[in-house]
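Chemist: target.txt is reproduced in full below (compact mmCIF, C-alpha atoms).
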# COMPACT_ATOMS: atom_id res chain seq x y z
CA MET A 1 0.00 0.00 0.00
CA LEU A 2 1.30 3.41 -0.96
CA SER A 3 1.60 6.05 1.67
CA VAL A 4 -0.42 9.24 1.42
CA VAL A 5 2.71 11.28 0.76
CA ALA A 6 3.67 9.08 -2.21
CA VAL A 7 0.18 9.41 -3.69
CA VAL A 8 0.24 13.20 -3.29
CA VAL A 9 3.70 13.43 -4.88
CA MET A 10 2.63 11.27 -7.82
CA ALA A 11 -0.52 13.37 -8.27
CA LEU A 12 1.50 16.59 -8.23
CA VAL A 13 3.97 15.23 -10.78
CA ALA A 14 1.12 14.07 -13.03
CA CYS A 15 -0.57 17.47 -12.76
CA ALA A 16 2.69 19.23 -13.58
CA VAL A 17 3.27 17.07 -16.66
CA VAL A 18 -0.30 17.41 -17.94
CA GLY A 19 -0.31 21.13 -17.20
CA GLY A 20 3.03 21.61 -18.93
CA VAL A 21 1.88 19.79 -22.04
CA HIS A 22 -1.33 21.81 -22.18
CA TRP A 23 0.65 25.03 -21.70
CA TYR A 24 2.96 24.06 -24.58
CA LEU A 25 -0.04 23.32 -26.80
CA TRP A 26 -1.64 26.63 -25.85
CA ARG A 27 1.59 28.45 -26.60
CA ARG A 28 2.07 26.88 -30.02
CA LEU A 29 -1.54 26.54 -31.19
CA VAL A 30 -3.18 29.59 -29.61
CA ARG A 31 -0.71 32.24 -28.48
CA ASP A 32 1.53 32.10 -31.53
CA VAL A 33 -1.36 32.54 -33.99
CA THR A 34 -3.65 35.03 -32.23
CA ARG A 35 -3.42 38.64 -31.11
CA PRO A 36 -3.13 39.41 -27.39
CA GLY A 37 -6.54 39.95 -25.81
CA SER A 38 -8.48 38.64 -28.78
CA ARG A 39 -11.62 36.57 -28.40
CA TYR A 40 -9.97 33.59 -30.08
CA ARG A 41 -7.05 33.61 -27.66
CA ARG A 42 -9.40 33.61 -24.67
CA LEU A 43 -11.56 30.92 -26.25
CA GLY A 44 -8.51 28.76 -26.99
CA GLY A 45 -7.24 29.15 -23.45
CA TRP A 46 -10.58 28.23 -21.92
CA ALA A 47 -10.97 25.27 -24.29
CA LEU A 48 -7.55 23.84 -23.44
CA GLY A 49 -8.18 24.39 -19.74
CA ALA A 50 -11.53 22.62 -19.93
CA LEU A 51 -9.99 19.73 -21.86
CA ALA A 52 -7.27 19.38 -19.22
CA VAL A 53 -9.88 19.23 -16.45
CA LEU A 54 -11.97 16.78 -18.48
CA MET A 55 -8.96 14.54 -18.99
CA ALA A 56 -8.18 14.60 -15.26
CA ALA A 57 -11.81 13.83 -14.41
CA ALA A 58 -11.81 10.90 -16.81
CA ALA A 59 -8.58 9.49 -15.41
CA GLY A 60 -9.35 9.92 -11.74
CA GLY A 61 -13.14 10.00 -11.64
CA GLY A 62 -13.61 6.34 -10.82
CA GLN A 63 -11.16 6.39 -7.92
CA ALA A 64 -12.63 9.65 -6.62
CA GLY A 65 -16.05 8.04 -6.13
CA LEU A 66 -17.79 9.65 -9.10
CA PRO A 67 -21.07 7.84 -9.92
CA PHE A 68 -20.76 5.38 -12.79
CA ALA A 69 -23.15 7.24 -15.09
CA ALA A 70 -21.26 10.53 -14.66
CA HIS A 71 -17.90 8.80 -15.08
CA ARG A 72 -19.10 7.13 -18.27
CA VAL A 73 -20.21 10.49 -19.69
CA LEU A 74 -16.86 12.11 -18.83
CA ALA A 75 -14.67 9.15 -19.74
CA TRP A 76 -15.03 8.90 -23.50
CA PRO A 77 -14.29 12.57 -24.32
CA GLY A 78 -11.59 12.71 -21.66
CA PHE A 79 -9.73 9.66 -22.90
CA LEU A 80 -10.29 10.69 -26.51
CA TRP A 81 -8.66 14.04 -25.71
CA ALA A 82 -5.79 12.23 -23.99
CA ALA A 83 -5.11 10.27 -27.21
CA ALA A 84 -5.46 13.37 -29.39
CA LEU A 85 -3.17 15.25 -26.99
CA LEU A 86 -0.48 12.63 -27.40
CA TYR A 87 -0.67 12.74 -31.20
CA LEU A 88 -0.74 16.54 -31.24
CA LEU A 89 2.24 16.74 -28.91
CA LEU A 90 4.26 14.33 -31.05
CA ALA A 91 3.38 16.21 -34.24
CA LEU A 92 4.36 19.55 -32.68
CA LEU A 93 7.64 18.16 -31.39
CA VAL A 94 8.52 16.82 -34.84
CA GLY A 95 7.54 20.21 -36.23
CA GLU A 96 9.85 21.90 -33.74
CA VAL A 97 12.78 19.84 -35.01
CA VAL A 98 11.94 20.71 -38.64
CA ARG A 99 11.45 24.38 -37.70
CA PHE A 100 14.82 24.50 -35.94
CA ALA A 101 16.56 22.90 -38.95
CA LEU A 102 14.93 25.32 -41.41
CA LEU A 103 15.74 28.36 -39.30
CA ARG A 104 19.33 27.24 -38.94
CA ARG A 105 19.62 26.60 -42.68
CA GLY A 106 18.06 29.98 -43.45
CA ARG A 107 20.51 31.77 -41.18
CA ARG A 108 23.43 30.07 -42.89
CA ARG A 109 22.13 30.96 -46.34
CA GLY A 110 21.40 34.53 -45.30
CA ALA A 111 24.93 34.99 -44.03
CA ALA A 112 26.47 33.47 -47.17
CA ALA A 113 24.26 35.37 -49.62
CA GLU A 114 24.76 38.72 -47.93
CA PRO A 115 27.22 40.74 -49.99
CA ALA A 116 30.16 42.16 -48.14
CA ALA A 117 29.99 45.89 -47.57
CA PRO A 118 32.49 47.76 -49.73
CA GLU A 119 35.40 49.15 -47.80
CA PRO A 120 35.77 52.92 -47.93
CA GLU A 121 38.67 54.14 -49.98
CA PRO A 122 41.36 56.11 -48.15
CA ALA A 123 41.28 59.83 -48.84
Represent the supplied structure as structure tokens.
Modeler:
Amino acid sequence: MLSVVAVVVMALVACAVVGGVHWYLWRRLVRDVTRPGSRYRRLGGWALGALAVLMAAAAGGGQAGLPFAAHRVLAWPGFLWAAALLYLLLALLVGEVVRFALLRRGRRRGAAAEPAAPEPEPA
């Protein structure tokens, strides 16, 4: 049997990981493509927050004593979001690697294609 401290530590680590992944998704999918203070940015933030809570309710609802009917209603969208979250995270991480490679290649080409400034002639 796990001690209460171990369960609390595991729950905090799980919350930190899930929260960090949702923050990364919000940053890449919402913040980077919307204007600050826009309706879409607020809507995207609320949607990702609600999906994070839904996923946590689906994962821990049965152990928390949630009635079976309520857990069944929360479980399928929560676990579906968990699967979609995994695929989205993997796709974004692959995209980050490609983005880094293209930015690095562009910097190299920009430096090589830049003509050297002509030196001033002595008077």
Chemist: Smallest atom-to-atom distance to Trp46 of chain A: which of A:His22, A:Arg104, A:Arg72, A:Arg99, using all atoms listed in the file?
Modeler: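 The closest residue to Trp46 of chain A is A:His22.
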Chemist: How many Å separate atom CA of Ala59 of chain A from atom CA of Gly78 of chain A?
Modeler: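 Atom-to-atom, atom CA of Ala59 of chain A to atom CA of Gly78 of chain A, that is 7.6 Å.
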Chemist: Calculate how many Å separate atom CA of Leu89 of chain A from atom CA of Pro36 of chain A, rounding to one decimal.
Modeler: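 It comes out at 23.3 Å.
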Chemist: List as a list in words the protein and nucleic acid residues near Leu74 of chain A, meaning an atom at most 8 Å away when all atoms listed in the file are counted, but skip any in the same chain fewer than 6 places from it.
Modeler: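 That gives Leu54, Ala57 and Ala58 of chain A.
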Chemist: Using only C-alpha atoms, which of A:Leu93, A:Gly44, A:Arg35, A:Ala82 sits nearest Val18 of chain A?
Modeler: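 Of the candidates, the smallest distance to Val18 of chain A is held by A:Ala82.
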Chemist: State, in Å with one decimal place, the distance from atom CA of Trp76 of chain A to atom CA of Met55 of chain A.
Modeler: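 For atom CA of Trp76 of chain A relative to atom CA of Met55 of chain A, the distance reads 9.4 Å.
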Chemist: I need the residue nearest Leu90 of chain A from this list: A:Ala75, A:Leu25, A:Val17, A:Ala69. Use all atoms listed in the file for the distance.
Modeler: A:Leu25
Chemist: Pick from A:Phe79, A:Leu48, A:Glu119, A:Val9: nearest to Gly61 of chain A, with all atoms listed in the file counted?
Modeler: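 Of A:Phe79, A:Leu48, A:Glu119, A:Val9, the one nearest Gly61 of chain A, counting all atoms listed in the file, is A:Phe79.
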Chemist: Of the candidates A:Leu102, A:Ala64, A:Leu29, A:Val7, which shows the shortest atom-to-atom distance to Leu88 of chain A, using only C-alpha atoms?
Modeler: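 The answer is A:Leu29, which sits nearest to Leu88 of chain A.
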Chemist: For N, CA and C atoms, please extract segment 48-87 of chain A from the block and return it as a short mmCIF file (atom, residue, chain, number, x, y, z; two decimals), in the first residue's frame.
Modeler:
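Okay, this is what ended up in out_25.cif:
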data_model
loop_
_atom_site.label_atom_id
_atom_site.label_comp_id
_atom_site.auth_asym_id
_atom_site.auth_seq_id
_atom_site.Cartn_x
_atom_site.Cartn_y
_atom_site.Cartn_z
N LEU A 48 -8.63 24.72 -23.89
CA LEU A 48 -7.55 23.84 -23.44
C LEU A 48 -7.61 23.59 -21.94
N GLY A 49 -8.01 24.59 -21.18
CA GLY A 49 -8.18 24.39 -19.74
C GLY A 49 -9.30 23.41 -19.44
N ALA A 50 -10.41 23.55 -20.14
CA ALA A 50 -11.53 22.62 -19.93
C ALA A 50 -11.16 21.21 -20.35
N LEU A 51 -10.41 21.07 -21.43
CA LEU A 51 -9.99 19.73 -21.86
C LEU A 51 -9.03 19.10 -20.86
N ALA A 52 -8.18 19.91 -20.24
CA ALA A 52 -7.27 19.38 -19.22
C ALA A 52 -8.05 18.89 -18.01
N VAL A 53 -9.05 19.65 -17.58
CA VAL A 53 -9.88 19.23 -16.45
C VAL A 53 -10.69 17.99 -16.82
N LEU A 54 -11.21 17.95 -18.03
CA LEU A 54 -11.97 16.78 -18.48
C LEU A 54 -11.11 15.53 -18.50
N MET A 55 -9.86 15.68 -18.95
CA MET A 55 -8.96 14.54 -18.99
C MET A 55 -8.64 14.05 -17.57
N ALA A 56 -8.44 14.98 -16.65
CA ALA A 56 -8.18 14.60 -15.26
C ALA A 56 -9.40 13.93 -14.63
N ALA A 57 -10.58 14.43 -14.95
CA ALA A 57 -11.81 13.83 -14.41
C ALA A 57 -12.02 12.43 -14.97
N ALA A 58 -11.67 12.23 -16.22
CA ALA A 58 -11.81 10.90 -16.81
C ALA A 58 -10.82 9.92 -16.20
N ALA A 59 -9.61 10.39 -15.95
CA ALA A 59 -8.58 9.49 -15.41
C ALA A 59 -8.80 9.18 -13.94
N GLY A 60 -9.24 10.14 -13.17
CA GLY A 60 -9.35 9.92 -11.74
C GLY A 60 -10.77 9.88 -11.20
N GLY A 61 -11.75 9.95 -12.08
CA GLY A 61 -13.14 10.00 -11.64
C GLY A 61 -13.61 8.74 -10.94
N GLY A 62 -13.19 7.60 -11.43
CA GLY A 62 -13.61 6.34 -10.82
C GLY A 62 -13.05 6.16 -9.42
N GLN A 63 -11.79 6.51 -9.23
CA GLN A 63 -11.16 6.39 -7.92
C GLN A 63 -11.67 7.45 -6.95
N ALA A 64 -12.16 8.57 -7.48
CA ALA A 64 -12.63 9.65 -6.62
C ALA A 64 -14.06 9.41 -6.13
N GLY A 65 -14.69 8.35 -6.58
CA GLY A 65 -16.05 8.04 -6.13
C GLY A 65 -17.13 8.68 -6.98
N LEU A 66 -16.80 9.08 -8.20
CA LEU A 66 -17.79 9.65 -9.10
C LEU A 66 -18.80 8.56 -9.47
N PRO A 67 -20.09 8.86 -9.52
CA PRO A 67 -21.07 7.84 -9.92
C PRO A 67 -20.76 7.31 -11.31
N PHE A 68 -21.12 6.04 -11.54
CA PHE A 68 -20.76 5.38 -12.79
C PHE A 68 -21.32 6.10 -14.01
N ALA A 69 -22.54 6.57 -13.94
CA ALA A 69 -23.15 7.24 -15.09
C ALA A 69 -22.38 8.53 -15.43
N ALA A 70 -22.02 9.29 -14.42
CA ALA A 70 -21.26 10.53 -14.66
C ALA A 70 -19.86 10.20 -15.17
N HIS A 71 -19.24 9.17 -14.62
CA HIS A 71 -17.90 8.80 -15.08
C HIS A 71 -17.93 8.33 -16.53
N ARG A 72 -18.97 7.61 -16.90
CA ARG A 72 -19.10 7.13 -18.27
C ARG A 72 -19.26 8.30 -19.23
N VAL A 73 -20.02 9.32 -18.83
CA VAL A 73 -20.21 10.49 -19.69
C VAL A 73 -18.90 11.27 -19.84
N LEU A 74 -18.12 11.36 -18.78
CA LEU A 74 -16.86 12.11 -18.83
C LEU A 74 -15.72 11.30 -19.44
N ALA A 75 -15.80 9.99 -19.37
CA ALA A 75 -14.67 9.15 -19.74
C ALA A 75 -14.36 9.19 -21.23
N TRP A 76 -15.37 9.00 -22.08
CA TRP A 76 -15.03 8.90 -23.50
C TRP A 76 -14.45 10.18 -24.06
N PRO A 77 -14.98 11.39 -23.77
CA PRO A 77 -14.29 12.57 -24.32
C PRO A 77 -12.95 12.83 -23.64
N GLY A 78 -12.85 12.49 -22.36
CA GLY A 78 -11.59 12.71 -21.66
C GLY A 78 -10.47 11.83 -22.19
N PHE A 79 -10.76 10.56 -22.37
CA PHE A 79 -9.73 9.66 -22.90
C PHE A 79 -9.47 9.90 -24.38
N LEU A 80 -10.50 10.33 -25.11
CA LEU A 80 -10.29 10.69 -26.51
C LEU A 80 -9.37 11.90 -26.62
N TRP A 81 -9.55 12.88 -25.72
CA TRP A 81 -8.66 14.04 -25.71
C TRP A 81 -7.25 13.63 -25.32
N ALA A 82 -7.12 12.68 -24.40
CA ALA A 82 -5.79 12.23 -23.99
C ALA A 82 -5.05 11.63 -25.19
N ALA A 83 -5.74 10.85 -26.01
CA ALA A 83 -5.11 10.27 -27.21
C ALA A 83 -4.78 11.37 -28.22
N ALA A 84 -5.71 12.28 -28.44
CA ALA A 84 -5.46 13.37 -29.39
C ALA A 84 -4.31 14.26 -28.89
N LEU A 85 -4.25 14.46 -27.58
CA LEU A 85 -3.17 15.25 -26.99
C LEU A 85 -1.81 14.62 -27.27
N LEU A 86 -1.74 13.33 -27.14
CA LEU A 86 -0.48 12.63 -27.40
C LEU A 86 -0.06 12.80 -28.86
N TYR A 87 -1.00 12.59 -29.78
CA TYR A 87 -0.67 12.74 -31.20
C TYR A 87 -0.31 14.19 -31.54
#
